[in-house]
file target.cif (mmCIF, C-alpha atoms)
data_run
loop_
_atom_site.label_atom_id
_atom_site.label_comp_id
_atom_site.auth_asym_id
_atom_site.auth_seq_id
_atom_site.Cartn_x
_atom_site.Cartn_y
_atom_site.Cartn_z
CA MET A 221 86.52 114.14 77.76
CA ILE A 222 83.13 112.55 78.53
CA SER A 223 83.66 110.14 75.65
CA PHE A 224 87.08 109.14 77.03
CA PHE A 225 85.67 108.34 80.51
CA PHE A 226 82.77 106.41 78.95
CA GLN A 227 85.18 104.30 76.89
CA SER A 228 87.38 103.78 79.96
CA ALA A 229 84.38 102.55 81.97
CA GLN A 230 83.43 100.21 79.14
CA LYS A 231 86.93 98.72 79.11
CA GLN A 232 86.92 98.22 82.89
CA SER A 233 83.58 96.43 82.62
CA HIS A 234 84.91 94.33 79.76
CA ARG A 235 87.98 93.34 81.79
CA PHE A 236 85.76 92.39 84.76
CA TRP A 237 83.75 89.93 82.68
CA ILE A 238 86.88 88.53 81.03
CA GLU A 239 88.39 87.87 84.47
CA THR A 240 85.17 86.31 85.76
CA ILE A 241 84.91 83.88 82.84
CA LEU A 242 88.61 82.98 82.94
CA ALA A 243 88.58 82.41 86.72
CA GLY A 244 85.58 80.07 86.40
CA ARG A 245 87.20 78.06 83.63
CA ALA A 246 90.55 77.86 85.44
CA ILE A 247 89.00 75.87 88.29
CA LEU A 248 88.09 73.12 85.82
CA PHE A 249 91.71 72.89 84.67
CA THR A 250 93.44 72.89 88.04
CA GLY A 251 96.16 70.27 88.18
CA TRP A 252 99.91 69.67 88.42
CA ARG A 253 101.11 68.64 84.94
CA VAL A 254 101.89 72.13 83.51
CA ARG A 255 102.09 75.70 84.79
CA CYS A 256 101.52 79.19 83.39
CA PRO A 257 104.23 81.64 84.54
CA CYS A 258 102.08 84.64 83.55
CA CYS A 259 99.46 83.93 86.23
CA ASN A 260 101.20 81.19 88.27
CA TRP A 261 98.23 78.85 87.78
CA LYS A 262 99.02 75.13 88.03
CA LEU A 263 97.14 73.17 85.38
CA ARG A 264 96.28 69.71 84.14
CA ALA A 265 96.35 71.01 80.53
CA PHE A 266 96.25 74.05 78.28
CA THR A 267 93.18 74.84 76.14
CA GLN A 268 92.28 75.69 72.56
CA GLY A 269 91.73 79.34 73.53
CA ASN A 270 88.90 81.86 73.85
CA THR A 271 86.20 80.18 75.98
CA SER A 272 87.00 76.63 74.86
CA LEU A 273 87.03 73.77 77.36
CA LYS A 274 88.88 71.49 74.95
CA THR A 275 92.53 70.77 75.68
CA ARG A 276 95.46 71.56 73.38
CA GLU A 277 99.13 70.74 73.86
CA LYS A 278 101.05 73.99 74.48
CA GLY A 279 97.86 75.95 73.81
CA TYR A 280 96.25 78.77 75.83
CA CYS A 281 96.27 79.10 79.60
CA PRO A 282 92.69 78.61 80.86
CA ARG A 283 93.23 81.19 83.63
CA CYS A 284 94.81 84.18 81.84
CA ASN A 285 94.49 83.10 78.19
CA SER A 286 98.24 83.36 77.59
CA LYS A 287 99.59 81.82 74.40
CA SER A 288 102.84 79.91 74.20
CA ARG A 289 104.64 83.07 73.06
CA HIS A 290 103.38 85.07 76.05
CA ARG A 291 104.65 82.47 78.51
CA ARG A 292 107.96 82.40 76.66
CA ASN A 293 108.23 86.20 76.82
CA TRP A 294 107.35 86.30 80.53
CA LEU A 295 110.10 83.82 81.37
CA PHE A 296 112.56 85.75 79.20
CA LEU A 297 111.69 89.05 80.88
CA LYS A 298 112.18 87.50 84.33
CA GLU A 299 115.58 86.08 83.43
CA HIS A 300 117.08 88.72 81.13
CA THR A 301 115.65 92.10 82.23
CA ASP A 302 115.04 94.10 85.40
CA LEU A 303 111.40 94.83 84.48
CA PHE A 304 110.06 93.22 87.66
CA GLN A 305 112.26 95.22 90.05
CA ALA A 306 113.39 98.57 88.58
CA PRO A 307 111.17 101.64 88.20
CA THR A 308 110.16 101.40 84.53
CA ARG A 309 108.22 103.50 82.06
CA LEU A 310 106.88 100.71 79.87
CA LEU A 311 105.32 101.03 76.42
CA HIS A 312 103.35 97.91 75.46
CA VAL A 313 102.40 97.91 71.78
CA SER A 314 99.11 96.09 71.20
CA PRO A 315 99.00 94.91 74.83
CA LYS A 316 98.68 91.17 75.31
CA TYR A 317 96.01 90.51 77.94
CA ALA A 318 97.90 87.86 79.90
CA LEU A 319 100.88 90.19 80.33
CA ALA A 320 99.20 93.58 80.66
CA ARG A 321 96.85 92.38 83.42
CA ARG A 322 99.94 91.84 85.57
CA PHE A 323 102.05 94.80 84.44
CA THR A 324 99.29 97.30 85.25
CA LYS A 325 99.24 96.09 88.87
CA MET A 326 103.01 96.34 89.46
CA ALA A 327 103.98 99.36 91.56
CA ASN A 328 107.33 99.79 89.80
CA ILE A 329 105.83 99.98 86.29
CA GLU A 330 104.32 103.09 84.70
CA PHE A 331 102.28 101.37 82.00
CA THR A 332 101.29 102.78 78.61
CA GLY A 333 99.35 100.55 76.22
CA ILE A 334 98.64 101.49 72.61
CA ASP A 335 96.67 99.81 69.85
CA LEU A 336 94.45 100.65 66.89
CA GLU A 337 91.82 98.00 67.65
CA GLY A 338 90.72 98.78 71.22
CA ARG A 339 92.41 96.03 73.22
CA PRO A 340 91.40 96.00 76.93
CA PHE A 341 94.63 97.58 78.23
CA ALA A 342 95.19 100.05 75.36
CA GLU A 343 93.90 103.39 76.55
CA HIS A 344 94.38 105.25 73.27
CA PRO A 345 94.06 104.32 69.56
CA ILE A 346 97.61 105.06 68.42
CA ASP A 347 99.47 104.05 65.25
CA VAL A 348 102.90 102.55 65.98
CA CYS A 349 104.18 104.29 62.82
CA ASP A 350 103.28 107.70 64.25
CA LEU A 351 103.82 107.70 68.01
CA PRO A 352 102.70 110.92 69.76
CA PHE A 353 105.37 110.61 72.48
CA GLU A 354 108.49 112.70 72.92
CA SER A 355 111.81 111.11 72.07
CA SER A 356 113.50 109.00 74.77
CA LYS A 357 110.33 108.75 76.89
CA PHE A 358 110.29 105.03 77.76
CA ASP A 359 112.71 102.80 79.66
CA ALA A 360 111.38 99.64 77.99
CA ILE A 361 109.15 98.56 75.11
CA ILE A 362 107.31 95.30 74.50
CA CYS A 363 106.19 94.60 70.92
CA ILE A 364 104.98 91.01 70.47
CA HIS A 365 103.81 89.82 67.04
CA VAL A 366 102.85 93.31 65.85
CA LEU A 367 105.26 94.29 63.06
CA GLU A 368 104.01 91.63 60.64
CA HIS A 369 100.65 93.48 60.74
CA VAL A 370 102.27 96.81 59.82
CA MET A 371 102.71 97.65 56.14
CA ASP A 372 105.54 100.13 56.78
CA ASP A 373 107.36 98.16 59.46
CA ARG A 374 110.66 100.07 59.02
CA THR A 375 108.96 103.32 60.07
CA ALA A 376 107.44 101.53 63.06
CA ILE A 377 110.86 100.19 64.12
CA ASN A 378 112.38 103.67 63.80
CA GLU A 379 109.59 105.09 65.96
CA LEU A 380 110.18 102.46 68.66
CA HIS A 381 113.87 103.37 68.67
CA ARG A 382 113.07 107.11 68.85
CA VAL A 383 110.81 106.92 71.93
CA LEU A 384 113.15 104.56 73.81
CA LYS A 385 115.62 106.04 76.27
CA GLN A 386 119.34 105.78 75.73
CA GLY A 387 120.34 102.50 77.37
CA GLY A 388 116.75 101.22 77.29
CA TRP A 389 115.61 97.93 75.82
CA ALA A 390 112.83 96.65 73.60
CA LEU A 391 111.58 93.06 73.51
CA ILE A 392 110.43 92.41 69.93
CA THR A 393 109.06 89.18 68.51
CA VAL A 394 107.60 88.30 65.10
CA PRO A 395 106.58 85.11 63.29
CA ILE A 396 109.88 84.15 61.65
CA ASP A 397 111.64 81.48 59.64
CA LEU A 398 115.35 81.74 60.39
CA GLN A 399 116.17 79.39 57.50
CA GLN A 400 115.25 81.93 54.82
CA LYS A 401 115.16 85.63 53.95
CA THR A 402 112.10 87.78 54.63
CA HIS A 403 109.30 87.08 52.16
CA GLU A 404 107.23 90.15 51.29
CA ASP A 405 105.70 91.72 48.20
CA PRO A 406 103.94 95.14 48.32
CA SER A 407 101.81 94.14 45.33
CA ILE A 408 100.10 91.48 47.47
CA GLN A 409 97.28 93.59 48.91
CA THR A 410 94.02 91.69 49.44
CA PRO A 411 93.37 89.73 52.64
CA GLN A 412 92.85 86.57 50.59
CA GLU A 413 96.22 86.92 48.83
CA ARG A 414 98.01 87.77 52.06
CA LYS A 415 96.65 84.64 53.73
CA ILE A 416 97.94 82.50 50.86
CA HIS A 417 101.41 84.08 50.82
CA PHE A 418 101.97 85.11 54.44
CA GLY A 419 99.77 82.75 56.46
CA GLU A 420 97.19 85.25 57.77
CA GLU A 421 94.91 87.83 56.18
CA GLN A 422 96.37 90.68 58.25
CA HIS A 423 100.05 89.83 57.71
CA TRP A 424 102.25 91.75 55.26
CA ARG A 425 105.26 89.41 55.29
CA ILE A 426 106.95 86.35 56.72
CA TYR A 427 110.16 87.47 58.42
CA GLY A 428 113.44 85.71 57.85
CA ASN A 429 117.01 85.74 59.08
CA ASP A 430 117.54 89.29 57.76
CA PHE A 431 115.08 90.68 60.35
CA ILE A 432 118.04 91.64 62.54
CA ASP A 433 119.23 93.95 59.73
CA ARG A 434 115.95 95.89 59.93
CA LEU A 435 116.42 96.33 63.67
CA THR A 436 120.08 97.33 63.53
CA SER A 437 119.47 99.79 60.68
CA ALA A 438 117.20 101.73 63.07
CA GLY A 439 120.07 101.97 65.56
CA PHE A 440 119.33 98.99 67.82
CA GLU A 441 121.96 96.65 69.18
CA VAL A 442 120.28 93.25 68.83
CA ALA A 443 120.68 89.93 70.64
CA LEU A 444 118.74 86.92 69.36
CA ASN A 445 117.56 84.44 72.00
CA ARG A 446 116.60 81.20 70.26
CA ALA A 447 113.68 79.19 71.61
CA GLU A 448 115.22 75.84 70.75
CA ASN A 449 117.95 76.51 73.32
CA ILE A 450 115.38 76.35 76.14
CA PRO A 451 115.66 72.99 77.95
CA ARG A 452 113.00 70.50 76.90
CA SER A 453 111.80 70.16 80.50
CA ILE A 454 111.06 73.91 80.65
CA GLN A 455 109.35 73.86 77.25
CA ASN A 456 107.05 71.08 78.40
CA LYS A 457 106.38 72.48 81.87
CA PHE A 458 105.35 75.93 80.62
CA GLY A 459 103.97 74.96 77.20
CA ILE A 460 106.56 76.75 75.04
CA LEU A 461 106.96 76.14 71.31
CA GLU A 462 110.37 75.81 69.67
CA ASN A 463 109.84 78.66 67.18
CA GLU A 464 109.15 81.53 69.60
CA HIS A 465 112.43 83.43 69.26
CA VAL A 466 113.05 86.70 71.13
CA PHE A 467 114.97 89.73 69.88
CA LEU A 468 116.27 91.91 72.72
CA CYS A 469 117.01 95.31 71.22
CA LYS A 470 119.03 97.90 73.13
CA LYS A 471 119.31 101.57 72.29
CA THR A 472 122.99 102.42 72.30
CA LEU A 473 122.99 104.98 69.47
CA PRO A 474 120.83 108.04 68.66
CA THR A 475 118.05 107.64 66.12
CA PRO A 476 119.53 107.86 62.61
CA THR A 477 118.73 111.13 60.78
CA THR A 478 116.78 110.73 57.57
CA GLN A 479 118.48 112.41 54.62
#
call {"tool": "encode", "arguments": {"input": "target.cif", "output": "C-alpha coordinates"}}
result
Amino acid sequence: MISFFFQSAQKQSHRFWIETILAGRAILFTGWRVRCPCCNWKLRAFTQGNTSLKTREKGYCPRCNSKSRHRRNWLFLKEHTDLFQAPTRLLHVSPKYALARRFTKMANIEFTGIDLEGRPFAEHPIDVCDLPFESSKFDAIICIHVLEHVMDDRTAINELHRVLKQGGWALITVPIDLQQKTHEDPSIQTPQERKIHFGEEQHWRIYGNDFIDRLTSAGFEVALNRAENIPRSIQNKFGILENEHVFLCKKTLPTPTTQ
(Lines of atoms letter the chains of each structure in order from A and count residues from 1; the text may use other names and numbers.)
(Lines give C-alpha, C1' and ligand atoms only; values in the text may rest on other atoms or scores of the structure.)
Protein backbone atom coordinates (compact mmCIF):
# COMPACT_ATOMS: atom_id res chain seq x y z
CA MET A 1 0.00 0.00 0.00
CA ILE A 2 2.84 2.41 0.88
CA SER A 3 4.50 1.60 -2.43
CA PHE A 4 1.27 2.38 -4.31
CA PHE A 5 0.92 5.83 -2.67
CA PHE A 6 4.60 6.58 -3.30
CA GLN A 7 4.23 5.72 -6.99
CA SER A 8 1.03 7.78 -7.16
CA ALA A 9 2.82 10.80 -5.67
CA GLN A 10 5.66 10.36 -8.15
CA LYS A 11 3.20 10.37 -11.06
CA GLN A 12 1.46 13.50 -9.78
CA SER A 13 4.83 15.24 -9.51
CA HIS A 14 5.73 14.05 -13.00
CA ARG A 15 2.46 15.41 -14.41
CA PHE A 16 3.07 18.77 -12.69
CA TRP A 17 6.42 19.23 -14.39
CA ILE A 18 5.07 18.07 -17.75
CA GLU A 19 2.28 20.66 -17.51
CA THR A 20 4.71 23.40 -16.46
CA ILE A 21 7.05 22.76 -19.40
CA LEU A 22 4.21 22.46 -21.91
CA ALA A 23 2.49 25.65 -20.68
CA GLY A 24 5.75 27.59 -21.02
CA ARG A 25 6.36 26.35 -24.54
CA ALA A 26 2.76 26.99 -25.61
CA ILE A 27 3.15 30.73 -25.06
CA LEU A 28 5.88 30.79 -27.70
CA PHE A 29 3.54 29.16 -30.22
CA THR A 30 0.44 31.24 -29.64
CA GLY A 31 -1.15 32.27 -32.91
CA TRP A 32 -4.20 31.88 -35.17
CA ARG A 33 -3.16 29.60 -38.06
CA VAL A 34 -4.03 26.20 -36.49
CA ARG A 35 -5.82 24.91 -33.39
CA CYS A 36 -5.61 21.87 -31.12
CA PRO A 37 -9.07 20.54 -30.19
CA CYS A 38 -7.63 18.51 -27.30
CA CYS A 39 -6.62 21.61 -25.32
CA ASN A 40 -8.32 24.38 -27.35
CA TRP A 41 -5.00 26.20 -27.79
CA LYS A 42 -4.76 28.47 -30.84
CA LEU A 43 -1.35 28.16 -32.48
CA ARG A 44 0.91 29.56 -35.15
CA ALA A 45 2.30 26.05 -35.79
CA PHE A 46 2.69 22.52 -34.46
CA THR A 47 6.06 21.21 -33.24
CA GLN A 48 8.36 18.24 -33.71
CA GLY A 49 7.33 16.86 -30.30
CA ASN A 50 8.81 16.27 -26.85
CA THR A 51 10.43 19.57 -25.79
CA SER A 52 11.30 20.71 -29.31
CA LEU A 53 10.80 24.33 -30.36
CA LYS A 54 11.10 23.45 -34.05
CA THR A 55 7.94 23.52 -36.13
CA ARG A 56 6.47 20.58 -38.04
CA GLU A 57 3.43 20.52 -40.31
CA LYS A 58 0.66 18.50 -38.62
CA GLY A 59 3.08 17.60 -35.83
CA TYR A 60 2.62 17.79 -32.04
CA CYS A 61 0.63 20.41 -30.16
CA PRO A 62 3.08 22.55 -28.14
CA ARG A 63 0.54 22.91 -25.30
CA CYS A 64 -0.68 19.34 -24.67
CA ASN A 65 1.71 17.35 -26.90
CA SER A 66 -1.14 15.79 -28.88
CA LYS A 67 -0.24 14.02 -32.10
CA SER A 68 -2.30 14.22 -35.26
CA ARG A 69 -4.07 10.97 -34.34
CA HIS A 70 -5.07 12.31 -30.91
CA ARG A 71 -6.64 15.42 -32.42
CA ARG A 72 -8.41 13.24 -34.96
CA ASN A 73 -9.75 10.96 -32.21
CA TRP A 74 -10.90 13.90 -30.08
CA LEU A 75 -12.92 15.36 -32.95
CA PHE A 76 -14.37 11.93 -33.72
CA LEU A 77 -15.40 11.39 -30.10
CA LYS A 78 -17.11 14.80 -29.99
CA GLU A 79 -19.06 14.13 -33.18
CA HIS A 80 -19.86 10.43 -32.99
CA THR A 81 -20.16 9.53 -29.27
CA ASP A 82 -21.79 10.83 -26.10
CA LEU A 83 -18.54 10.62 -24.10
CA PHE A 84 -18.58 14.32 -23.22
CA GLN A 85 -22.13 14.33 -21.83
CA ALA A 86 -23.25 10.89 -20.56
CA PRO A 87 -22.06 9.28 -17.31
CA THR A 88 -19.33 6.93 -18.57
CA ARG A 89 -17.08 4.29 -17.10
CA LEU A 90 -14.12 4.69 -19.44
CA LEU A 91 -11.20 2.30 -19.91
CA HIS A 92 -8.26 4.00 -21.63
CA VAL A 93 -5.63 1.47 -22.75
CA SER A 94 -2.14 2.98 -22.67
CA PRO A 95 -3.55 6.46 -21.91
CA LYS A 96 -2.50 9.19 -24.31
CA TYR A 97 -1.44 12.23 -22.29
CA ALA A 98 -3.25 14.85 -24.37
CA LEU A 99 -6.55 13.00 -23.98
CA ALA A 100 -6.25 11.59 -20.46
CA ARG A 101 -5.37 14.98 -18.95
CA ARG A 102 -8.85 16.14 -19.99
CA PHE A 103 -10.82 12.95 -19.37
CA THR A 104 -9.64 12.72 -15.75
CA LYS A 105 -11.08 16.19 -15.04
CA MET A 106 -14.54 15.53 -16.52
CA ALA A 107 -17.21 15.00 -13.87
CA ASN A 108 -19.21 12.58 -16.03
CA ILE A 109 -16.27 10.21 -16.65
CA GLU A 110 -15.08 7.49 -14.26
CA PHE A 111 -11.58 7.04 -15.67
CA THR A 112 -9.46 3.89 -15.60
CA GLY A 113 -6.07 3.95 -17.30
CA ILE A 114 -3.94 0.85 -17.81
CA ASP A 115 -0.48 0.30 -19.25
CA LEU A 116 2.60 -1.86 -18.78
CA GLU A 117 5.11 0.99 -19.08
CA GLY A 118 4.02 3.46 -16.38
CA ARG A 119 2.37 6.22 -18.41
CA PRO A 120 1.36 9.27 -16.31
CA PHE A 121 -2.38 8.46 -16.21
CA ALA A 122 -2.08 4.66 -15.92
CA GLU A 123 -2.52 3.83 -12.27
CA HIS A 124 -1.79 0.12 -12.55
CA PRO A 125 0.59 -2.01 -14.70
CA ILE A 126 -1.97 -4.22 -16.46
CA ASP A 127 -1.64 -6.44 -19.54
CA VAL A 128 -4.41 -5.83 -22.09
CA CYS A 129 -4.36 -9.59 -22.83
CA ASP A 130 -5.27 -10.39 -19.22
CA LEU A 131 -7.59 -7.70 -17.86
CA PRO A 132 -8.42 -8.09 -14.13
CA PHE A 133 -11.89 -6.53 -14.54
CA GLU A 134 -15.25 -8.27 -14.40
CA SER A 135 -17.11 -8.76 -17.64
CA SER A 136 -19.29 -5.88 -18.89
CA LYS A 137 -17.67 -3.34 -16.54
CA PHE A 138 -17.05 -0.40 -18.90
CA ASP A 139 -19.38 1.79 -20.96
CA ALA A 140 -16.60 2.81 -23.35
CA ILE A 141 -13.02 1.88 -24.26
CA ILE A 142 -10.32 3.88 -26.01
CA CYS A 143 -7.42 1.91 -27.51
CA ILE A 144 -5.22 4.08 -29.75
CA HIS A 145 -2.22 2.53 -31.52
CA VAL A 146 -1.79 -0.26 -28.97
CA LEU A 147 -2.64 -3.55 -30.69
CA GLU A 148 0.33 -3.42 -33.07
CA HIS A 149 2.53 -3.63 -29.94
CA VAL A 150 0.75 -6.78 -28.70
CA MET A 151 2.00 -10.15 -29.91
CA ASP A 152 -1.32 -11.91 -29.23
CA ASP A 153 -3.62 -9.15 -30.46
CA ARG A 154 -6.63 -11.48 -30.91
CA THR A 155 -6.65 -12.26 -27.19
CA ALA A 156 -6.41 -8.54 -26.44
CA ILE A 157 -9.38 -7.78 -28.71
CA ASN A 158 -11.42 -10.54 -27.05
CA GLU A 159 -10.59 -9.08 -23.63
CA LEU A 160 -11.71 -5.61 -24.70
CA HIS A 161 -15.00 -7.08 -25.91
CA ARG A 162 -15.45 -9.04 -22.65
CA VAL A 163 -15.08 -6.05 -20.30
CA LEU A 164 -17.30 -3.78 -22.43
CA LYS A 165 -20.97 -3.47 -21.51
CA GLN A 166 -23.68 -4.65 -23.85
CA GLY A 167 -24.43 -1.66 -26.07
CA GLY A 168 -21.09 -0.04 -25.22
CA TRP A 169 -18.51 1.17 -27.72
CA ALA A 170 -14.77 0.99 -28.22
CA LEU A 171 -12.72 3.43 -30.28
CA ILE A 172 -9.82 1.44 -31.73
CA THR A 173 -7.09 2.70 -34.05
CA VAL A 174 -3.94 1.06 -35.43
CA PRO A 175 -1.33 1.91 -38.07
CA ILE A 176 -2.97 0.45 -41.18
CA ASP A 177 -2.68 0.14 -44.94
CA LEU A 178 -6.18 -0.39 -46.31
CA GLN A 179 -4.77 -1.32 -49.72
CA GLN A 180 -3.36 -4.66 -48.54
CA LYS A 181 -3.86 -7.56 -46.13
CA THR A 182 -2.27 -7.59 -42.68
CA HIS A 183 1.45 -8.31 -42.84
CA GLU A 184 2.75 -10.32 -39.88
CA ASP A 185 5.13 -13.21 -39.29
CA PRO A 186 5.58 -14.78 -35.80
CA SER A 187 9.10 -15.87 -36.76
CA ILE A 188 10.16 -12.20 -36.92
CA GLN A 189 11.18 -11.71 -33.29
CA THR A 190 14.12 -9.33 -32.81
CA PRO A 191 13.59 -5.57 -32.53
CA GLN A 192 15.90 -5.03 -35.50
CA GLU A 193 13.91 -7.42 -37.73
CA ARG A 194 10.60 -5.97 -36.61
CA LYS A 195 11.74 -2.45 -37.50
CA ILE A 196 12.69 -3.62 -41.00
CA HIS A 197 9.43 -5.49 -41.62
CA PHE A 198 6.88 -3.55 -39.56
CA GLY A 199 8.32 -0.04 -39.31
CA GLU A 200 9.10 0.06 -35.57
CA GLU A 201 11.07 -2.14 -33.19
CA GLN A 202 8.06 -2.70 -30.92
CA HIS A 203 5.54 -3.51 -33.66
CA TRP A 204 4.43 -7.08 -34.43
CA ARG A 205 2.58 -6.38 -37.69
CA ILE A 206 1.30 -3.86 -40.20
CA TYR A 207 -2.49 -4.08 -40.26
CA GLY A 208 -4.42 -4.26 -43.50
CA ASN A 209 -7.98 -4.24 -44.76
CA ASP A 210 -8.72 -7.54 -42.97
CA PHE A 211 -8.37 -5.84 -39.56
CA ILE A 212 -12.17 -5.53 -39.41
CA ASP A 213 -12.36 -9.35 -39.53
CA ARG A 214 -10.30 -9.57 -36.32
CA LEU A 215 -12.67 -7.15 -34.61
CA THR A 216 -15.89 -8.79 -35.80
CA SER A 217 -14.63 -12.28 -34.90
CA ALA A 218 -14.49 -11.11 -31.27
CA GLY A 219 -18.16 -10.11 -31.46
CA PHE A 220 -17.86 -6.41 -32.32
CA GLU A 221 -20.07 -4.62 -34.80
CA VAL A 222 -17.59 -2.37 -36.62
CA ALA A 223 -17.91 0.91 -38.49
CA LEU A 224 -14.85 2.29 -40.29
CA ASN A 225 -14.53 6.08 -40.38
CA ARG A 226 -11.99 7.01 -43.05
CA ALA A 227 -9.71 9.98 -42.46
CA GLU A 228 -9.64 11.01 -46.11
CA ASN A 229 -13.35 11.84 -45.88
CA ILE A 230 -12.60 14.69 -43.47
CA PRO A 231 -12.82 18.04 -45.32
CA ARG A 232 -9.43 19.45 -46.25
CA SER A 233 -10.15 22.66 -44.32
CA ILE A 234 -10.64 20.65 -41.11
CA GLN A 235 -7.52 18.57 -41.74
CA ASN A 236 -5.44 21.72 -42.13
CA LYS A 237 -7.01 23.62 -39.24
CA PHE A 238 -6.47 20.83 -36.70
CA GLY A 239 -3.37 19.21 -38.20
CA ILE A 240 -4.91 15.85 -39.14
CA LEU A 241 -3.20 13.33 -41.42
CA GLU A 242 -5.10 11.44 -44.12
CA ASN A 243 -4.20 7.96 -42.83
CA GLU A 244 -5.63 8.19 -39.29
CA HIS A 245 -8.67 5.95 -39.71
CA VAL A 246 -11.00 5.19 -36.78
CA PHE A 247 -12.78 1.91 -36.05
CA LEU A 248 -15.87 2.37 -33.87
CA CYS A 249 -16.65 -1.02 -32.38
CA LYS A 250 -19.98 -1.69 -30.66
CA LYS A 251 -20.79 -4.64 -28.45
CA THR A 252 -24.05 -6.08 -29.69
CA LEU A 253 -23.34 -9.76 -29.02
CA PRO A 254 -22.00 -11.71 -26.01
CA THR A 255 -18.33 -12.66 -25.99
CA PRO A 256 -17.85 -15.80 -28.11
CA THR A 257 -17.17 -18.98 -26.08
CA THR A 258 -13.85 -20.64 -26.77
CA GLN A 259 -14.24 -24.31 -27.68
call {"tool": "resolve_selection", "arguments": {"input": "target.cif", "expression": "the PyMOL selection byres ((chain A and resi 297) around 12)", "output": "count of residues only"}}
result
30
call {"tool": "residues_around", "arguments": {"input": "target.cif", "residues": "A:Cys256", "least_positions_apart": "2", "cutoff": "10 Å", "atoms": "all atoms listed in the file", "output": "list in words"}}
result
Val254, Cys258, Cys259, Asn260, Trp261, Lys262, Leu263, Phe266, Tyr280, Cys281, Pro282, Arg283, Cys284, Asn285, Ser286, Lys287, Ser288, His290, Arg291, Arg292, Trp294, Leu295, Lys457, Phe458 and Gly459 of chain A
call {"tool": "resolve_selection", "arguments": {"input": "target.cif", "expression": "the PyMOL selection byres ((chain A and resi 442) around 8)", "output": "NGL selection string"}}
result
:A and (432 or 435-436 or 440-441 or 443-444 or 467-470)
call {"tool": "resolve_selection", "arguments": {"input": "target.cif", "expression": "the PyMOL selection byres ((chain A and resi 377-380) around 8)", "output": "PyMOL selection string"}}
result
chain A and resi 348-351+361+373-376+381-384+434-435+438+475
call {"tool": "residues_near_point", "arguments": {"input": "target.cif", "point": "(99.7, 90.3, 54.6)", "cutoff": "8 Å", "atoms": "only C-alpha atoms", "output": "MDAnalysis selection string"}}
result
chainID A and resid 368:369 408:411 413:415 417:425
call {"tool": "residues_around", "arguments": {"input": "target.cif", "residues": "A:Glu464", "least_positions_apart": "4", "cutoff": "8 Å", "atoms": "only C-alpha atoms", "output": "VMD selection string"}}
result
chain A and resid 288 to 289 292 393 395 446 to 447 460
call {"tool": "closest_residue", "arguments": {"input": "target.cif", "among": "A:Ile426, A:Ala306, A:Leu248, A:Ile238", "to": "A:Lys401", "atoms": "only C-alpha atoms"}}
result
A:Ile426
call {"tool": "atom_distance", "arguments": {"input": "target.cif", "atom1": "atom CA of A:Glu354", "atom2": "atom CA of A:Leu311"}}
result
12.6 Å
call {"tool": "atom_distance", "arguments": {"input": "target.cif", "atom1": "atom CA of A:Ile364", "atom2": "atom CA of A:Glu330"}}
result
18.7 Å
call {"tool": "atom_distance", "arguments": {"input": "target.cif", "atom1": "atom CA of A:Lys385", "atom2": "atom CA of A:Gly439"}}
result
12.3 Å
call {"tool": "closest_residue", "arguments": {"input": "target.cif", "among": "A:Asp405, A:Tyr427, A:Phe353, A:Gly338", "to": "A:Leu367", "atoms": "all atoms listed in the file"}}
result
A:Tyr427
call {"tool": "closest_residue", "arguments": {"input": "target.cif", "among": "A:Ser314, A:Cys363, A:Asn456, A:Arg264", "to": "A:Pro345", "atoms": "only C-alpha atoms"}}
result
A:Ser314
